[in-house]
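J.: First the structure, then my questions, so here it is.
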Amino acid sequence: MLFPEKSENTELKFRNIYTSPEWQDLDPINRAQLIMVAEGVKPGTIIGGNLSSFLKIIEKMGLEASLNTHRFQMAAVYDVATPEVMNKYRLRLLTADISATKAECHRINGEFLGYPACCTEEYNNPQKNLKARIAKSPNKFISNVDFELQGMIETTGHYPDELDFCPPSFTPCSANCENALCVLGKWKIRALRWSMGQI
Ligand SMILES: [Zn+2]
């Protein structure tokens with residue numbers, strides 16, 4: 001297992017860092033991702049954007065940042081995780097065959113980022129509602145989750161609010177994917193608790 005699950009009611013490890021000026025310098029999306037990794041809720045993350053304070057913070061948290069040079073990666077970003085998770089992740093990448101397909105790389109990355117396998121498979125090989133998606137958006141690719149979300153909003157005006165906590169790099173296989181909603185729900189609980197002044 002790449003990442004051991006942690007109990008929900010653990011005291012925050014880096015409370016002092018979350019109130020520091022360096023922390024405030026990070027982009028909000030980077031803060032949200034880093035706190036999940038630092039507090040052991042998510043195995044790893046990818047950090048991009050404003051990186052001026054980032055490496056200093058990573059060092060204080062005992063996390064490791066590695067410049068992401070994967071094939072199929074367009075912009076320069078960092079992978080971030082604990083040294084233990086990073087070592088297992090590197091080993092997976094190294095032992096993947098040199099001819100590993102884009103799909104295999106996505107599987108390894110998806111596990112590193114804590115995404116359910118069903119969602120990575122749909123991302124690799126779009127199948128769900130494919131005909132309807134193409135009919136609805138013939139010229140621009142639309143993910144199944146976005147297709148379903150549009151339908152939910154048009155018909156009921158509601159959608160699972162866990163999806164508001166979806167990081168930009170994660171594409172759930174469905175707006176109703178139980179595995180994705182379970183993972184996002186865990187992140188949501190922490191994000192809400194931490195944003196309500198409990199850090
Ligand atoms: Zn899924």
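By order in the structure tokens, chains are A, B, ...; within a chain, residues start at 1; ligands start at 1, following the order shown.
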Please tabulate, as CSV, the residues of chain A that come within 9 Å of ligand 1, each with its closest pair of atoms and the distance in Å to one decimal, counting only C-alpha atoms and all ligand atoms and ordering rows by chain, then residue number upward.

T.:
residue,atom,partner,partner_atom_place_in_ligand_line,distance
A:Tyr115,CA,ligand 1,1 (Zn),8.2
A:Pro116,CA,ligand 1,1 (Zn),5.8
A:Ala117,CA,ligand 1,1 (Zn),6.7
A:Cys118,CA,ligand 1,1 (Zn),4.2
A:Cys119,CA,ligand 1,1 (Zn),3.6
A:Thr120,CA,ligand 1,1 (Zn),7.3
A:Glu121,CA,ligand 1,1 (Zn),8.1
A:Glu122,CA,ligand 1,1 (Zn),7.5
A:Thr171,CA,ligand 1,1 (Zn),8.6
A:Pro172,CA,ligand 1,1 (Zn),5.2
A:Cys173,CA,ligand 1,1 (Zn),4.2
A:Ser174,CA,ligand 1,1 (Zn),6.1
A:Ala175,CA,ligand 1,1 (Zn),8.7
A:Asn176,CA,ligand 1,1 (Zn),8.3
A:Cys177,CA,ligand 1,1 (Zn),4.7
A:Glu178,CA,ligand 1,1 (Zn),6.9
A:Asn179,CA,ligand 1,1 (Zn),5.6
A:Ala180,CA,ligand 1,1 (Zn),5.3
A:Leu181,CA,ligand 1,1 (Zn),8.5

J.: Would you please give, as a ChimeraX atom specification, all residues of range 45-146 of chain A that DSSP assigns to strand (DSSP E) based on the backbone?

T.: /A:45-47,64-67,78-81

J.: Identify, on the basis of only C-alpha atoms, every residue whose closest approach to Ser20 in chain A does not exceed 10 Å; exclude the query and any residue fewer than 5 positions from it along the same chain; express the result as a ChimeraX atom specification.

T.: /A:15,25,57

J.: Please identify the alpha helix (DSSP H) residues within range 61-121 of chain A (assignment by DSSP from backbone atoms) and present them as a ChimeraX atom specification.

T.: /A:83-95,102-112,117-121

J.: May I ask for the distance between CA of Ile35 in chain A and CA of Val77 in chain A, given in Å to one decimal place?

T.: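 Interatomic distance here is 17.3 Å.
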
J.: Excluding range 86-101 of chain A and any residue of its chain fewer than 5 positions from it, enumerate the residues within 8 Å of it, using only C-alpha atoms, and give them as a PyMOL selection string.

T.: chain A and resi 2+44+64+80-81+108+112

J.: Please produce a file of those selected residues containing C-alpha atoms, as an mmCIF file, in the first residue's frame.

T.:
data_model
loop_
_atom_site.group_PDB
_atom_site.id
_atom_site.type_symbol
_atom_site.label_atom_id
_atom_site.label_comp_id
_atom_site.auth_asym_id
_atom_site.auth_seq_id
_atom_site.Cartn_x
_atom_site.Cartn_y
_atom_site.Cartn_z
ATOM 1 C CA LEU A 2 1.390 3.363 -1.021
ATOM 2 C CA GLY A 44 1.020 13.149 -2.497
ATOM 3 C CA GLU A 64 10.088 16.138 -0.003
ATOM 4 C CA VAL A 80 5.305 16.676 -2.930
ATOM 5 C CA ALA A 81 4.977 13.879 -0.352
ATOM 6 C CA ILE A 108 0.928 5.480 -10.957
ATOM 7 C CA PHE A 112 0.257 8.934 -5.730
#

J.: Between A:Cys182, A:Val41, A:Ile46, A:Leu63, which has the minimum distance to Pro168 in chain A (counting only C-alpha atoms)?

T.: A:Ile46

J.: In Å, with one decimal, what is the gap from CA of Ser66 in chain A to CA of Glu11 in chain A?

T.: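 Rounded to one decimal, the two atoms are 27.1 Å apart.
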
J.: To one decimal in Å, tell me the separation between CA of Glu22 in chain A and CA of Leu184 in chain A.

T.: 26.7 Å

J.: Write out as a VMD selection string each polymer residue whose atoms come within 10 Å of Asn30 in chain A, counting only C-alpha atoms; drop sequence neighbours fewer than 6 positions from it.

T.: chain A and resid 23 45 to 51 54 167

J.: I need the residues from that last selection saved to file as a PDB file, in the first residue's frame (with C-alpha atoms), if you can.

T.:
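Once everything was written out, this is selection24.pdb:
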ATOM      1  CA  TRP A  23       2.153  30.093   4.283  1.00  0.00           C
ATOM      2  CA  THR A  45       0.253  16.236  -4.516  1.00  0.00           C
ATOM      3  CA  ILE A  46       1.439  18.339  -7.417  1.00  0.00           C
ATOM      4  CA  ILE A  47       2.273  21.972  -6.711  1.00  0.00           C
ATOM      5  CA  GLY A  48       2.594  24.680  -9.345  1.00  0.00           C
ATOM      6  CA  GLY A  49       2.080  28.445  -9.592  1.00  0.00           C
ATOM      7  CA  ASN A  50       3.721  30.838  -7.111  1.00  0.00           C
ATOM      8  CA  LEU A  51       6.565  28.838  -5.620  1.00  0.00           C
ATOM      9  CA  PHE A  54       7.066  26.850  -1.091  1.00  0.00           C
ATOM     10  CA  PRO A 167      -8.530  19.586  -7.094  1.00  0.00           C
TER      11      PRO A 167
END

J.: Contacts of Lys13 in chain A at 10 Å or less, counting only C-alpha atoms, minus same-chain residues fewer than 6 places along, as a list in words?

T.: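 Contacts, with the query itself left out: Ile35, Ala38, Glu39, Gly40 and Met61 of chain A.
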
J.: Just write the chosen residues, C-alpha atoms, as a PDB file, in the first residue's frame.

T.:
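Result file follows (result05.pdb):
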ATOM      1  CA  ILE A  35      -2.112  20.747   4.158  1.00  0.00           C
ATOM      2  CA  ALA A  38       1.414  17.424   5.525  1.00  0.00           C
ATOM      3  CA  GLU A  39      -1.361  16.202   7.830  1.00  0.00           C
ATOM      4  CA  GLY A  40      -1.427  12.724   6.309  1.00  0.00           C
ATOM      5  CA  MET A  61       7.337  20.123   7.302  1.00  0.00           C
TER       6      MET A  61
END

J.: Determine the nearest neighbour of Tyr123 in chain A from the options A:Glu162, A:Glu104, A:Asp27, A:Asp79, counting only C-alpha atoms.

T.: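 Among the listed residues, A:Glu104 lies closest to Tyr123 in chain A.
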
J.: Hey, which of A:Ser53, A:Leu113, A:Leu12, A:His158 ends up closest to Gln24 in chain A? Count only C-alpha atoms.

T.: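 Among the listed residues, A:Ser53 lies closest to Gln24 in chain A.
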